Amino acid sequence: MDPLALARWQFAILTIIHFFFVPLTLGLTIFLAILETAYVRTGKEVYKDAVKFWSRVFLINFALGVVSGIVQEFQFGLNWSEYARFMGDIFGAPLAVEALLAFYLESTFIGVWIFGWDKLSPKVHAAVLWLTAIGSNLSAIWILIANSFMQRPTGYTMGEKGVIMTSFKEVATNTNVLYQFPHVFFAGMSTAAFVVLGLSAYLYLIKRGDKDVLNLSVRWATIYGLIGVILVGTVGHYQGQFLVEEQPSKMAAAEALWHSAQPAPFSFFAIPDEKNQTNHLNIEVPVLLSYLAHGDFTSKVEGIDEVQQKMEAKYGPGDYIPPVGVTYWSFRLMVYTGTLMLLILLYVWYLNWKGIALESKPWLLKSLVWSILLPYIAVTTGWMMAEIGRQPWVVYGLLRTEDGVSPASVVSGGEVLFSLLSLGVVYIILTYLGVRLVVKYLHKAPTHASASAD
């Protein structure tokens, strides 16, 4: 049993499951804070009722996110000890700030918010929720700062056993995080919007929940989601242009562009053949890739062959191209899923604008329930592209993935397999329980008739 392969599978599976909870926490805290601010400004009880209703979903998700996140740090020390030794001086500072400042801020004020409804004034209570939301997103910033060093090392010098930080400011203001955090932030907004829309549609179908709360939630979530989806696509476009310069191997693989081209076509659909370095069933849009990569229709885009030659010249012999098929399709699933999300939100917005009730379209309600999966597909495939597309590097240009794993003499393949299976089962059970708790809570909501009578 290969410890490297097993360690990579374990990190991928556990991180993906953990990341199911992260974007919803980031986006839903802001959404709830906006609704509670509207309650403070208008005094309308329906806003307060909406905040209290959706807060249960948020708290279930938040708790599962915290529990599933605890294991992440242990993976570095157990399965990736060489990586932890190499990166320790860089990772220590941002992760310490995340724990001591952001997470403590978030966890402290979330408790005050939960128990402070009848003890704090509406303005103070809303401020507490904003502090919780800020803490959640600050936590994400510091984690992404650490990850951005792996994508684009900066502010360091090489020591005997690994990298040594020379400038905390350069590490904290890494150009990569200036694209990465907004991308994650707006993805969180999009995720929260679709969860609220999908669960509201489910309540319409089972005829439960306060109609005024559901109608308000749908209206606000639609606008919130449109802002999120449009901005995540906009930031993603500029992030892609940034990565063309910083990680050309990732973007060449994401486009399955085997040979440099000027101008370069955009591959809409293809089946990459890595063995023969060609694409089957390739459907292309002429010159579009040149514009997406460089902002004009005539520029040259480096292909996999040219990138490989440059990487060999810089780092020595080796294969520096990530898995093309996985990178290509993870990128396209992210983009195509995001496009579908935009179309759904535009249609729901149109219905709201025309005053057409969602209840009059049962097919749409059922579709919205299933659409909850869309943002999770998008964020998961986006994460896969970011991490798999960095291969063979675990720290780009500095440390190969194969050199970051714990030696087999320290952690055997059997031990990694045991932890993979046991933790994988635990994570799956946690996710299942989270979904069951949310569904159980929704079924306890009052029926439409009793809600109207109240």
# chains A, B, ... in the order shown; residues from 1 in each chain; ligands from 1
>>> residues_around(residues="region 197-199 of chain A", least_positions_apart="6", cutoff="10 Å", atoms="only C-alpha atoms", output="ChimeraX atom specification")
/A:54,57,191,205,214-215,217-222,225,345,348,365-373,438-439,442
>>> closest_atom_pairs(of="region 21-138 of chain A", to="region 398-413 of chain A", cutoff="6 Å", atoms="only C-alpha atoms", output="JSON lines")
{"residue": "A:Asn79", "atom": "CA", "partner": "A:Ser406", "partner_atom": "CA", "distance": 5.3}
{"residue": "A:Trp80", "atom": "CA", "partner": "A:Val405", "partner_atom": "CA", "distance": 4.3}
{"residue": "A:Ser81", "atom": "CA", "partner": "A:Ser406", "partner_atom": "CA", "distance": 4.9}
{"residue": "A:Glu82", "atom": "CA", "partner": "A:Gly404", "partner_atom": "CA", "distance": 4.6}
{"residue": "A:Tyr83", "atom": "CA", "partner": "A:Gly404", "partner_atom": "CA", "distance": 4.1}
>>> write_last_selection(atoms="N, CA and C atoms", output="PDB file, in the first residue's frame")
ATOM      1  N   ASN A  79       0.197  12.533   8.445  1.00  0.00           N
ATOM      2  CA  ASN A  79       0.438  12.015   7.090  1.00  0.00           C
ATOM      3  C   ASN A  79       1.433  12.843   6.288  1.00  0.00           C
ATOM      4  N   TRP A  80       1.619  14.103   6.683  1.00  0.00           N
ATOM      5  CA  TRP A  80       2.449  15.018   5.897  1.00  0.00           C
ATOM      6  C   TRP A  80       3.505  15.694   6.775  1.00  0.00           C
ATOM      7  N   SER A  81       4.240  14.879   7.510  1.00  0.00           N
ATOM      8  CA  SER A  81       5.205  15.430   8.462  1.00  0.00           C
ATOM      9  C   SER A  81       6.334  16.183   7.771  1.00  0.00           C
ATOM     10  N   GLU A  82       6.785  15.704   6.606  1.00  0.00           N
ATOM     11  CA  GLU A  82       7.845  16.410   5.887  1.00  0.00           C
ATOM     12  C   GLU A  82       7.345  17.765   5.379  1.00  0.00           C
ATOM     13  N   TYR A  83       6.119  17.788   4.941  1.00  0.00           N
ATOM     14  CA  TYR A  83       5.505  19.056   4.529  1.00  0.00           C
ATOM     15  C   TYR A  83       5.361  19.983   5.729  1.00  0.00           C
TER      16      TYR A  83
END
>>> residues_around(residues="Val301 (chain A)", least_positions_apart="5", cutoff="9 Å", atoms="only C-alpha atoms", output="PyMOL selection string")
chain A and resi 244+252+257+259-264+289-290+293-294
>>> write_last_selection(atoms="C-alpha atoms", output="JSON list (two decimals), in the first residue's frame")
[["chain", "number", "residue", "atom", "x", "y", "z"],
["A", 244, "VAL", "CA", -2.05, 32.12, -16.65],
["A", 252, "ALA", "CA", -2.77, 24.84, -19.78],
["A", 257, "LEU", "CA", -4.21, 22.95, -24.70],
["A", 259, "HIS", "CA", 0.28, 22.91, -28.10],
["A", 260, "SER", "CA", 0.75, 26.67, -27.98],
["A", 261, "ALA", "CA", -1.60, 28.61, -30.22],
["A", 262, "GLN", "CA", -1.97, 32.17, -31.47],
["A", 263, "PRO", "CA", -4.85, 32.89, -31.36],
["A", 264, "ALA", "CA", -6.07, 30.04, -29.15],
["A", 289, "LEU", "CA", -9.29, 31.41, -25.11],
["A", 290, "SER", "CA", -6.89, 34.17, -26.19],
["A", 293, "ALA", "CA", -6.45, 34.49, -20.96],
["A", 294, "HIS", "CA", -5.04, 37.87, -22.00]]
>>> residues_around(residues="region 95-109 of chain A", least_positions_apart="6", cutoff="7 Å", atoms="only C-alpha atoms", output="short mmCIF file (atom, residue, chain, number, x, y, z; two decimals) with N, CA and C atoms, in the first residue's frame")
data_model
loop_
_atom_site.label_atom_id
_atom_site.label_comp_id
_atom_site.auth_asym_id
_atom_site.auth_seq_id
_atom_site.Cartn_x
_atom_site.Cartn_y
_atom_site.Cartn_z
N VAL A 128 -23.87 42.23 17.08
CA VAL A 128 -23.23 40.98 17.49
C VAL A 128 -23.22 39.98 16.33
N LEU A 131 -20.56 40.93 13.92
CA LEU A 131 -19.24 40.53 14.42
C LEU A 131 -19.01 39.03 14.22
N THR A 132 -20.06 38.23 14.38
CA THR A 132 -19.96 36.80 14.10
C THR A 132 -19.63 36.55 12.64
N GLY A 135 -16.10 37.55 11.94
CA GLY A 135 -15.18 36.54 12.47
C GLY A 135 -15.09 35.33 11.56
N SER A 136 -16.24 34.88 11.04
CA SER A 136 -16.24 33.72 10.14
C SER A 136 -15.40 33.99 8.90
N LEU A 138 -13.10 36.40 8.50
CA LEU A 138 -11.70 36.60 8.86
C LEU A 138 -10.98 35.27 9.00
N SER A 139 -11.68 34.30 9.56
CA SER A 139 -11.10 32.97 9.70
C SER A 139 -10.74 32.40 8.32
N TRP A 142 -7.48 34.04 6.79
CA TRP A 142 -6.18 33.59 7.29
C TRP A 142 -5.84 32.18 6.80
N ILE A 143 -6.85 31.34 6.68
CA ILE A 143 -6.61 30.01 6.12
C ILE A 143 -6.20 30.11 4.66
#
>>> select_by_dssp(residues="region 9-165 of chain A", states="helix (DSSP H, G or I)", output="PyMOL selection string")
chain A and resi 9-42+45-78+81-115+122-151
>>> residues_around(residues="Val307 (chain A)", least_positions_apart="2", cutoff="10 Å", atoms="only C-alpha atoms", output="list in words")
Gln247, Pro248, Ser249, Lys250, Ala252, Trp258, His259, Ser260, Glu302, Gly303, Ile304, Asp305, Gln309, Lys310, Met311, Glu312, Ala313, Tyr320 and Ile321 of chain A
>>> residues_around(residues="Val213 (chain A)", least_positions_apart="5", cutoff="8 Å", atoms="only C-alpha atoms", output="NGL selection string")
:A and (46-47 or 49-50)
>>> closest_atom_pairs(of="region 218-299 of chain A", to="region 172-190 of chain A", cutoff="6 Å", atoms="only C-alpha atoms", output="Markdown table")
| residue | atom | partner | partner_atom | distance |
| --- | --- | --- | --- | --- |
| A:Gly225 | CA | A:Ser190 | CA | 4.8 |
| A:Gly228 | CA | A:Phe186 | CA | 4.7 |
| A:Val229 | CA | A:Ser190 | CA | 5.6 |
| A:Val232 | CA | A:Phe186 | CA | 5.1 |
| A:Val235 | CA | A:His183 | CA | 5.9 |
| A:Gln239 | CA | A:Tyr179 | CA | 5.6 |
>>> residues_around(residues="Thr37 (chain A)", least_positions_apart="3", cutoff="10 Å", atoms="only C-alpha atoms", output="list in words")
Phe31, Leu32, Ala33, Ile34, Val40, Arg41, Thr42, Gly43, Tyr47, Lys48, Pro122, Lys123, His125, Ala126, Ala127, Leu129 and Trp130 of chain A
